[in-house]
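To be precise, the following lines are data15.txt, and they hold compact mmCIF, C-alpha atoms.
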```txt
# COMPACT_ATOMS: atom_id res chain seq x y z
CA MET D 1 94.41 101.03 85.90
CA SER D 2 91.95 99.70 83.36
CA ASP D 3 92.17 97.81 80.10
CA GLN D 4 88.97 99.30 78.76
CA PRO D 5 89.09 101.23 75.49
CA THR D 6 90.13 104.87 75.58
CA THR D 7 90.55 107.54 72.97
CA GLY D 8 93.25 109.80 74.34
CA ILE D 9 94.27 111.17 77.69
CA ASP D 10 94.75 114.75 78.66
CA ARG D 11 95.45 115.93 82.17
CA ARG D 12 92.64 118.45 82.08
CA HIS D 13 89.93 115.81 81.63
CA LEU D 14 91.38 112.78 83.37
CA ILE D 15 88.21 113.20 85.22
CA THR D 16 84.99 114.01 83.48
CA ALA D 17 83.97 116.74 85.88
CA SER D 18 85.62 119.61 87.66
CA ILE D 19 86.56 119.90 91.29
CA ALA D 20 83.28 121.68 91.79
CA THR D 21 81.55 118.40 91.03
CA VAL D 22 83.27 116.84 94.00
CA GLY D 23 82.13 119.67 96.22
CA ALA D 24 78.59 119.27 95.00
CA ALA D 25 78.64 115.52 95.52
CA THR D 26 80.09 115.93 98.99
CA ALA D 27 77.47 118.50 99.86
CA PHE D 28 74.77 116.11 98.65
CA ALA D 29 76.10 113.35 100.87
CA ALA D 30 76.20 115.75 103.79
CA SER D 31 72.64 116.93 103.24
CA SER D 32 71.12 113.46 102.94
CA GLY D 33 68.62 113.09 105.75
CA PRO D 34 69.62 110.73 108.55
CA ALA D 35 66.08 109.40 108.76
CA LEU D 36 66.76 107.42 105.59
CA ALA D 37 70.24 106.29 106.54
CA GLN D 38 70.61 102.55 106.95
CA ASP D 39 71.74 102.51 110.59
CA SER D 40 70.17 104.80 113.13
CA LYS D 41 72.73 103.76 115.75
CA SER D 42 75.57 105.34 113.81
CA VAL D 43 76.46 109.01 113.72
CA SER D 44 74.52 111.08 111.21
CA PRO D 45 75.91 112.08 107.83
CA GLY D 46 77.01 115.25 109.62
CA GLY D 47 80.41 113.58 109.51
CA ALA D 48 80.58 115.06 106.04
CA THR D 49 81.43 118.38 107.65
CA GLY D 50 84.83 116.89 108.44
CA ALA D 51 84.34 117.18 112.21
CA SER D 52 84.60 113.96 114.18
CA GLN D 53 81.46 112.77 115.94
CA GLY D 54 83.45 110.53 118.26
CA THR D 55 83.89 106.79 118.27
CA VAL D 56 80.73 104.68 118.25
CA TYR D 57 81.04 101.02 119.27
CA THR D 58 78.24 98.78 118.01
CA GLY D 59 78.67 96.27 120.85
CA GLU D 60 79.72 93.52 118.43
CA VAL D 61 83.00 91.64 118.69
CA ILE D 62 84.26 89.69 115.66
CA GLN D 63 87.21 87.35 116.12
CA GLY D 64 88.14 89.27 119.25
CA LYS D 65 88.03 92.65 117.53
CA LYS D 66 85.54 95.35 118.49
CA VAL D 67 83.29 96.83 115.82
CA VAL D 68 82.81 100.58 115.33
CA SER D 69 80.33 102.46 113.17
CA ALA D 70 82.27 105.71 113.55
CA LEU D 71 85.84 106.34 114.64
CA ASP D 72 87.85 109.14 116.19
CA VAL D 73 91.41 107.91 116.57
CA ASN D 74 91.90 110.35 119.44
CA ASP D 75 89.57 108.16 121.52
CA LEU D 76 91.98 105.21 121.31
CA GLU D 77 94.64 104.54 123.92
CA PRO D 78 97.97 106.15 122.96
CA GLY D 79 101.12 104.12 122.50
CA LYS D 80 99.32 101.06 121.20
CA LYS D 81 98.22 99.35 118.01
CA HIS D 82 94.48 98.76 117.77
CA LEU D 83 92.75 96.18 115.54
CA LEU D 84 89.09 96.95 114.83
CA TYR D 85 86.33 96.35 112.34
CA PHE D 86 84.34 99.19 110.80
CA GLN D 87 80.66 98.46 110.18
CA GLY D 88 79.95 99.12 106.54
CA VAL D 89 76.83 98.76 104.45
CA GLN D 90 74.22 96.07 105.11
CA ILE D 91 73.83 93.08 102.84
CA ARG D 92 70.46 91.60 101.86
CA ALA D 93 70.29 89.29 104.86
CA GLY D 94 70.67 92.24 107.21
CA GLN D 95 74.27 91.66 108.26
CA HIS D 96 77.01 94.11 107.33
CA TRP D 97 80.15 94.20 105.29
CA TYR D 98 82.98 94.88 107.73
CA VAL D 99 86.16 96.79 106.93
CA SER D 100 89.41 95.78 108.64
CA LEU D 101 91.18 98.58 110.52
CA ILE D 102 94.70 98.82 111.91
CA VAL D 103 95.34 101.94 113.99
CA ALA D 104 98.81 102.75 115.28
CA ARG D 105 98.15 105.51 117.85
CA GLY D 106 101.39 107.16 118.85
CA ALA D 107 102.41 107.79 122.42
CA LYS D 108 102.67 111.50 121.61
CA PRO D 109 100.25 113.72 119.68
CA GLY D 110 100.96 114.55 116.08
CA LYS D 111 99.72 114.34 112.51
CA ARG D 112 97.28 111.69 111.31
CA VAL D 113 97.94 109.80 108.08
CA VAL D 114 95.42 107.44 106.50
CA LEU D 115 96.55 104.52 104.32
CA THR D 116 93.86 102.83 102.22
CA SER D 117 93.84 99.74 100.01
CA GLY D 118 91.32 97.26 98.67
CA VAL D 119 89.17 99.82 96.86
CA HIS D 120 89.51 97.38 93.98
CA GLY D 121 89.26 93.73 94.94
CA ASP D 122 92.05 92.37 92.71
CA GLU D 123 94.83 94.68 93.93
CA MET D 124 96.93 92.51 96.22
CA SER D 125 100.26 94.39 96.17
CA SER D 126 98.52 97.51 97.46
CA VAL D 127 97.15 95.59 100.45
CA HIS D 128 100.53 94.00 101.17
CA THR D 129 102.22 97.41 101.04
CA VAL D 130 99.89 98.79 103.71
CA MET D 131 100.28 95.69 105.88
CA THR D 132 104.08 95.89 105.65
CA VAL D 133 104.14 99.55 106.66
CA MET D 134 101.87 98.92 109.63
CA ASN D 135 104.00 95.98 110.78
CA ARG D 136 107.01 98.30 110.92
CA LEU D 137 105.39 100.83 113.23
CA ASN D 138 105.99 100.95 116.97
CA PRO D 139 103.28 103.19 118.47
CA ALA D 140 105.26 103.62 121.70
CA GLN D 141 107.86 105.53 119.67
CA MET D 142 105.47 107.46 117.44
CA SER D 143 104.10 111.01 117.49
CA GLY D 144 100.73 110.98 115.76
CA THR D 145 98.56 108.27 114.28
CA VAL D 146 98.45 106.03 111.23
CA LEU D 147 95.07 104.54 110.30
CA ALA D 148 95.18 101.71 107.77
CA VAL D 149 92.29 100.12 105.86
CA THR D 150 93.02 96.96 103.90
CA ASP D 151 89.70 95.85 102.40
CA ILE D 152 87.40 98.74 101.56
CA SER D 153 85.61 96.83 98.79
CA ARG D 154 85.23 93.63 100.78
CA PRO D 155 82.74 91.82 98.48
CA ALA D 156 85.07 92.40 95.51
CA MET D 157 88.04 91.11 97.50
CA GLU D 158 86.13 87.97 98.47
CA ILE D 159 86.29 86.87 94.84
CA MET D 160 89.47 88.80 93.98
CA GLN D 161 87.88 90.84 91.21
CA ARG D 162 88.15 94.56 90.51
CA LYS D 163 84.53 95.63 91.01
CA TRP D 164 81.85 95.39 93.71
CA PRO D 165 79.08 92.96 92.63
CA ASN D 166 75.81 94.74 93.27
CA TRP D 167 72.24 93.47 92.96
CA SER D 168 70.40 96.47 94.43
CA ARG D 169 68.45 97.38 91.29
CA ASN D 170 69.91 95.05 88.70
CA ILE D 171 72.93 92.80 88.37
CA ASP D 172 75.89 95.10 87.99
CA LEU D 173 79.57 95.46 88.79
CA ILE D 174 80.40 98.78 90.44
CA ASP D 175 83.84 100.37 90.32
CA MET D 176 84.21 101.65 93.88
CA ASN D 177 86.78 104.18 92.73
CA ARG D 178 84.11 105.96 90.72
CA VAL D 179 81.54 106.55 93.48
CA TRP D 180 83.28 108.65 96.15
CA PRO D 181 82.24 110.39 98.35
CA GLY D 182 79.14 108.24 98.03
CA ASN D 183 75.62 108.78 99.31
CA GLU D 184 74.42 107.26 102.58
CA ASN D 185 70.92 106.94 101.07
CA GLY D 186 72.04 105.49 97.73
CA THR D 187 72.63 101.95 96.49
CA ALA D 188 74.74 99.59 98.57
CA PRO D 189 78.17 100.49 97.07
CA SER D 190 77.41 104.21 97.25
CA ARG D 191 76.19 103.90 100.86
CA HIS D 192 79.28 101.94 101.77
CA ALA D 193 81.55 104.59 100.27
CA ALA D 194 79.72 107.35 102.14
CA LEU D 195 79.90 105.53 105.46
CA VAL D 196 83.61 104.86 105.04
CA PHE D 197 84.35 108.39 103.87
CA ASN D 198 82.17 110.35 106.32
CA ARG D 199 82.63 108.31 109.46
CA LEU D 200 86.07 106.77 109.11
CA LEU D 201 88.49 108.35 106.65
CA ARG D 202 87.91 112.09 106.49
CA PRO D 203 87.51 112.71 110.23
CA ASN D 204 90.89 111.05 110.89
CA ALA D 205 93.11 112.31 108.06
CA ASP D 206 95.60 115.14 107.84
CA ALA D 207 97.07 113.38 104.79
CA ALA D 208 96.15 110.22 102.90
CA ILE D 209 97.63 107.65 100.52
CA ASP D 210 95.27 105.43 98.50
CA PHE D 211 97.19 102.43 97.13
CA HIS D 212 96.28 100.66 93.88
CA THR D 213 97.71 98.32 91.24
CA GLY D 214 96.94 97.59 87.63
CA THR D 215 93.72 95.76 86.91
CA THR D 216 93.37 92.09 86.02
CA GLY D 217 94.90 91.61 82.59
CA PHE D 218 96.79 94.92 82.58
CA GLU D 219 100.04 95.57 84.47
CA VAL D 220 101.54 98.94 85.34
CA SER D 221 104.93 100.28 86.31
CA ALA D 222 105.71 101.72 89.74
CA PHE D 223 104.33 105.26 89.66
CA ASN D 224 102.38 107.77 91.68
CA ILE D 225 99.32 109.72 90.57
CA ALA D 226 99.58 113.14 92.17
CA SER D 227 98.40 116.71 91.63
CA LEU D 228 101.80 118.36 91.63
CA ASP D 229 100.35 121.87 91.66
CA VAL D 230 99.37 121.23 95.31
CA PRO D 231 102.61 121.80 97.28
CA GLU D 232 101.96 119.24 100.00
CA VAL D 233 100.94 116.62 97.43
CA LYS D 234 104.15 117.24 95.49
CA ALA D 235 106.16 116.93 98.71
CA MET D 236 104.62 113.51 99.35
CA ALA D 237 105.10 112.22 95.80
CA ASP D 238 108.73 113.33 95.72
CA LEU D 239 109.49 111.11 98.73
CA TYR D 240 109.03 107.87 96.75
CA PRO D 241 111.98 106.25 94.93
CA VAL D 242 109.87 105.37 91.89
CA GLY D 243 110.59 106.33 88.32
CA GLN D 244 107.31 107.85 87.16
CA ILE D 245 104.77 110.39 88.39
CA PHE D 246 101.50 111.05 86.62
CA ASP D 247 100.73 114.70 87.33
CA MET D 248 96.95 114.52 87.54
CA PRO D 249 95.20 117.85 88.14
CA LYS D 250 93.19 117.95 91.34
CA ARG D 251 89.96 118.47 89.41
CA ALA D 252 90.47 115.23 87.50
CA TYR D 253 88.34 112.19 88.25
CA PRO D 254 86.46 113.74 91.18
CA THR D 255 84.90 110.41 92.15
CA THR D 256 88.19 108.63 92.82
CA LEU D 257 89.07 108.34 96.50
CA HIS D 258 92.33 110.27 96.46
CA ASN D 259 90.80 113.18 94.54
CA THR D 260 87.73 113.22 96.79
CA LEU D 261 90.06 113.47 99.79
CA LEU D 262 91.98 116.22 98.04
CA ALA D 263 88.76 118.10 97.34
CA ALA D 264 87.99 117.89 101.07
CA GLY D 265 91.28 119.66 101.82
CA ILE D 266 93.30 116.53 102.65
CA PRO D 267 96.58 116.11 100.69
CA ALA D 268 96.39 112.72 98.99
CA ILE D 269 98.27 110.70 96.39
CA CYS D 270 97.57 107.42 94.59
CA PRO D 271 100.45 104.94 94.19
CA GLU D 272 100.18 102.31 91.44
CA ILE D 273 102.06 99.10 92.22
CA GLY D 274 102.42 96.68 89.34
CA ALA D 275 100.05 93.91 88.30
CA ALA D 276 96.80 92.76 89.89
CA ARG D 277 96.25 89.46 91.74
CA VAL D 278 99.94 88.97 92.59
CA LEU D 279 102.49 90.24 95.10
CA ASP D 280 105.32 92.13 93.41
CA LEU D 281 107.70 92.16 96.38
CA PRO D 282 110.51 94.26 94.82
CA MET D 283 108.00 96.90 93.74
CA ILE D 284 106.21 96.76 97.10
CA ALA D 285 109.53 97.50 98.81
CA LEU D 286 109.84 100.78 96.88
CA PHE D 287 106.44 101.96 98.09
CA VAL D 288 107.04 100.83 101.67
CA GLU D 289 110.24 102.88 101.67
CA GLY D 290 108.46 105.90 100.22
CA THR D 291 105.55 105.63 102.65
CA MET D 292 107.92 105.45 105.61
CA ASN D 293 109.53 108.60 104.21
CA VAL D 294 106.12 110.28 104.22
CA LEU D 295 105.57 109.32 107.87
CA LYS D 296 108.99 110.78 108.69
CA HIS D 297 108.09 113.91 106.73
CA TYR D 298 105.08 114.39 108.99
CA GLY D 299 107.08 113.68 112.13
CA ILE D 300 105.11 110.55 112.98
CA VAL D 301 108.17 108.31 113.04
CA ALA D 302 111.80 109.28 113.59
CA GLY D 303 114.89 108.33 111.64
CA PRO D 304 116.76 109.24 108.47
CA MET D 305 114.98 109.37 105.15
CA GLY D 306 115.34 106.43 102.81
CA ARG D 307 115.74 106.79 99.09
CA THR D 308 113.48 109.38 97.46
CA GLY D 309 112.76 110.71 94.01
CA LYS D 310 116.08 112.55 94.19
CA ASP D 311 117.87 109.19 94.04
CA VAL D 312 116.24 107.83 90.89
CA PRO D 313 115.47 109.27 87.44
CA VAL D 314 111.83 110.39 87.57
CA PHE D 315 109.73 110.87 84.44
CA ILE D 316 106.83 113.26 85.05
CA GLY D 317 103.91 112.66 82.73
CA ARG D 318 101.29 115.35 82.33
CA GLY D 319 99.21 113.39 79.88
CA ALA D 320 98.86 109.85 78.65
CA ALA D 321 98.01 108.00 75.46
CA PRO D 322 96.38 104.57 75.34
CA ILE D 323 96.97 102.16 72.49
CA ALA D 324 93.90 99.99 71.91
CA ALA D 325 93.61 96.75 69.98
CA THR D 326 91.86 96.88 66.63
CA GLN D 327 91.83 93.10 66.13
CA GLY D 328 91.35 89.97 68.17
CA GLY D 329 94.30 87.69 68.70
CA PHE D 330 97.57 87.04 70.52
CA VAL D 331 99.55 90.06 71.72
CA GLU D 332 103.34 90.31 71.54
CA HIS D 333 104.87 93.36 73.20
CA LEU D 334 107.96 94.95 71.71
CA VAL D 335 108.56 97.31 74.66
CA LYS D 336 108.76 96.87 78.42
CA LEU D 337 107.40 98.92 81.29
CA ASN D 338 109.39 102.15 81.80
CA ASP D 339 110.86 101.97 78.28
CA LYS D 340 111.13 105.26 76.48
CA VAL D 341 109.34 105.30 73.12
CA THR D 342 109.23 107.70 70.22
CA ALA D 343 106.24 108.77 68.16
CA GLY D 344 105.78 106.23 65.36
CA GLN D 345 107.69 103.46 67.15
CA LYS D 346 106.22 99.97 66.84
CA VAL D 347 105.30 98.76 70.34
CA ALA D 348 103.26 95.57 69.77
CA ILE D 349 102.03 93.11 67.17
CA GLN D 350 99.06 90.77 67.14
CA ARG D 351 98.70 87.33 65.56
CA ASP D 352 95.68 85.24 64.67
CA ASN D 353 95.21 81.54 65.44
CA PHE D 354 97.22 80.60 62.34
CA GLY D 355 100.23 82.63 63.47
CA ALA D 356 99.81 85.37 60.90
CA VAL D 357 100.37 88.97 61.96
CA VAL D 358 97.00 90.69 61.79
CA ALA D 359 97.92 94.04 63.35
CA GLU D 360 100.91 96.17 64.23
CA TYR D 361 100.66 98.93 66.80
CA ILE D 362 102.71 102.11 66.97
CA SER D 363 102.95 104.74 69.66
CA PRO D 364 101.22 107.97 68.64
CA VAL D 365 103.42 109.93 71.08
CA ALA D 366 106.88 110.13 72.58
CA GLY D 367 107.02 109.20 76.24
CA GLU D 368 107.45 106.29 78.66
CA VAL D 369 105.54 103.03 78.91
CA ALA D 370 103.54 103.06 82.16
CA GLY D 371 101.20 100.14 81.48
CA ARG D 372 100.71 97.23 79.11
CA ARG D 373 98.37 94.32 78.67
CA SER D 374 99.47 91.27 80.65
CA ASP D 375 96.82 88.90 79.25
CA ALA D 376 98.20 87.11 76.20
CA MET D 377 95.09 87.75 74.12
CA ALA D 378 93.02 90.82 73.36
CA GLU D 379 89.86 91.68 71.51
CA PRO D 380 89.10 94.93 69.68
CA GLY D 381 88.96 97.84 72.09
CA ASP D 382 91.16 96.32 74.80
CA ASN D 383 94.01 98.59 75.86
CA LEU D 384 97.37 97.14 74.88
CA ALA D 385 99.61 99.86 76.30
CA PHE D 386 99.55 103.15 78.13
CA ILE D 387 102.18 105.82 77.36
CA LEU D 388 102.93 108.72 79.70
CA VAL D 389 103.80 111.95 77.90
CA GLU D 390 105.49 115.10 79.16
CA LYS D 391 102.98 117.47 77.62
CA ALA D 392 99.24 116.92 77.87
CA GLY D 393 97.08 116.95 74.77
CA PRO D 394 93.62 118.56 74.49
CA GLU D 395 91.76 115.31 75.25
CA ASP D 396 94.08 113.58 77.70
CA ASP D 397 92.15 114.22 80.93
CA GLU D 398 89.08 112.28 80.01
CA THR D 399 90.23 108.80 79.35
CA TYR D 400 92.79 107.67 81.93
CA GLN D 401 91.28 104.97 84.11
CA GLU D 402 93.35 103.88 87.11
```
Written as structure tokens, that's how I'd like the structure from this file.
Amino acid sequence: MSDQPTTGIDRRHLITASIATVGAATAFAASSGPALAQDSKSVSPGGATGASQGTVYTGEVIQGKKVVSALDVNDLEPGKKHLLYFQGVQIRAGQHWYVSLIVARGAKPGKRVVLTSGVHGDEMSSVHTVMTVMNRLNPAQMSGTVLAVTDISRPAMEIMQRKWPNWSRNIDLIDMNRVWPGNENGTAPSRHAALVFNRLLRPNADAAIDFHTGTTGFEVSAFNIASLDVPEVKAMADLYPVGQIFDMPKRAYPTTLHNTLLAAGIPAICPEIGAARVLDLPMIALFVEGTMNVLKHYGIVAGPMGRTGKDVPVFIGRGAAPIAATQGGFVEHLVKLNDKVTAGQKVAIQRDNFGAVVAEYISPVAGEVAGRRSDAMAEPGDNLAFILVEKAGPEDDETYQE
């Protein structure tokens, strides 16, 4: 989620380019010449074809864990849990950013599911959800493999902020969920995304779940972003006992990780789990239960299904409307997350330093509250609330920012 200003959200433009853009970007990453790639020891960008090039060990060992620059989970010993580091992009001093990997390789063959978190560095509940799922798995009793990544944007996580700090060409903060599938010959964040996507994620995924939370200063409800017109995506989203689904078309936001995976033919969804920088344990439990349901759906683990979307009221939003501040001052919300609102309903007020009300905010639509500002103050342009609506408007696609 983002608290940046928006002007309306329609499910057709929730991404500023079509699915074809993703294909073009992926093709570009695949065609980038290996002679320019940062690490000649690693497999070539041919990984962009989706075919595994096999596991490549760099020879390094960090805290007792071997380092790989490419991974094929089928090379790992079955019936065991493997802890590895993936060698990401180089930093200025010539070392690398390393990505933490947990691989539960089942004793029997089966489907492969990838769980990712840490694309944004302030999203702690997403990381904890993945860790909790992995701690519940017993590879000796599994059929198939679960690959988990907990810190994709490692430099952002080091300082617990949303974006990757990048000094390649100027001082900038890069949103890693706007650069997929990346370019192995691009700037550091783009190279890192391409390495992770081409050599780690896509070659090992039959399905994927990319976990997120709200951003710093803006909390969200428990909901899934999913392209419900894709049958396997809908099947996954329906297995979560959460009260909201944002039906995002698969062409929307082509440079987000879950949509890039979807464009590559891998069913993927994007759970949103509360506020940034904190652990929301009750909300995490909902997504752990749903993710275990997904693993049961794919036959990776055995056992009865837990609660699903059939057990809770689910509001399906096909568009969204942001409410942005017009003044600076203190924000008082009049609605809570998941509250239903009507068009014209007052949802927040704002006071100045003397306590006077300087602005009142109404919902332009009927729907459900899916996000609201958690910081007590706002300046003009900051998003105060985010309302899911059942029917998308003509501009809704373009402005949603998870």
D:His212, D:Lys66, D:Lys250, D:Lys310 ranked by distance to Glu272 (chain D), top pick (using all atoms listed in the file):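 For Glu272 (chain D), the nearest of the given residues is D:His212.
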Sel. within 9 Å of pt (108.1, 105.2, 78.0), counting all atoms listed in the file, output as a list in words: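 Those residues, ordered by chain and then number, are Phe315, Val335, Lys336, Leu337, Asn338, Asp339, Lys340, Val341, Thr342, Ala366, Gly367, Glu368, Val369, Ala370, Phe386, Ile387, Leu388 and Val389 of chain D.
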Taking all atoms listed in the file into account, name the residue in D:Asn185, D:Asn224, D:Gln87, D:Ser143 that is nearest to Tyr240 (chain D).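 Among D:Asn185, D:Asn224, D:Gln87, D:Ser143, it is D:Asn224 that comes nearest to Tyr240 (chain D).
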Which of D:Val331, D:Val365, D:Val73, D:Ala302 sits closest to Gln345 (chain D) [using only C-alpha atoms]: D:Val365
For the atom pair CA of Pro241 (chain D) and CA of Ile225 (chain D), what is the interatomic distance in Å to one decimal place? 13.8 Å
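Of the residues under consideration (D:Ala140, D:Leu262, D:Met283, D:Val314), D:Val314 shows the shortest atom-to-atom contact distance to Ile245 (chain D) when counting only C-alpha atoms.
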Interatomic distance, CA of Ala222 (chain D) to CA of Phe287 (chain D) (Å, one decimal): 8.4 Å
For region 276-287 of chain D, supply N, CA and C atoms and format the output as an mmCIF file, keeping the file's coordinate frame.
```cif
data_model
loop_
_atom_site.group_PDB
_atom_site.id
_atom_site.type_symbol
_atom_site.label_atom_id
_atom_site.label_comp_id
_atom_site.auth_asym_id
_atom_site.auth_seq_id
_atom_site.Cartn_x
_atom_site.Cartn_y
_atom_site.Cartn_z
ATOM 1 N N ALA D 276 97.849 93.224 88.971
ATOM 2 C CA ALA D 276 96.800 92.760 89.890
ATOM 3 C C ALA D 276 97.002 91.293 90.233
ATOM 4 N N ARG D 277 96.379 90.872 91.350
ATOM 5 C CA ARG D 277 96.250 89.460 91.740
ATOM 6 C C ARG D 277 97.557 88.796 92.138
ATOM 7 N N VAL D 278 98.648 89.538 92.200
ATOM 8 C CA VAL D 278 99.940 88.970 92.590
ATOM 9 C C VAL D 278 100.606 89.909 93.589
ATOM 10 N N LEU D 279 101.658 89.410 94.243
ATOM 11 C CA LEU D 279 102.490 90.240 95.100
ATOM 12 C C LEU D 279 103.814 90.493 94.385
ATOM 13 N N ASP D 280 104.059 91.736 94.021
ATOM 14 C CA ASP D 280 105.320 92.130 93.410
ATOM 15 C C ASP D 280 106.212 92.671 94.523
ATOM 16 N N LEU D 281 106.965 91.779 95.169
ATOM 17 C CA LEU D 281 107.700 92.160 96.380
ATOM 18 C C LEU D 281 108.769 93.229 96.132
ATOM 19 N N PRO D 282 109.546 93.181 95.044
ATOM 20 C CA PRO D 282 110.510 94.260 94.820
ATOM 21 C C PRO D 282 109.833 95.628 94.640
ATOM 22 N N MET D 283 108.704 95.644 93.932
ATOM 23 C CA MET D 283 108.000 96.900 93.740
ATOM 24 C C MET D 283 107.346 97.359 95.045
ATOM 25 N N ILE D 284 106.792 96.430 95.798
ATOM 26 C CA ILE D 284 106.210 96.760 97.100
ATOM 27 C C ILE D 284 107.243 97.440 97.983
ATOM 28 N N ALA D 285 108.478 96.938 97.963
ATOM 29 C CA ALA D 285 109.530 97.500 98.810
ATOM 30 C C ALA D 285 109.773 98.974 98.510
ATOM 31 N N LEU D 286 109.667 99.371 97.244
ATOM 32 C CA LEU D 286 109.840 100.780 96.880
ATOM 33 C C LEU D 286 108.771 101.649 97.540
ATOM 34 N N PHE D 287 107.529 101.156 97.544
ATOM 35 C CA PHE D 287 106.440 101.960 98.090
ATOM 36 C C PHE D 287 106.403 101.924 99.608
#
```
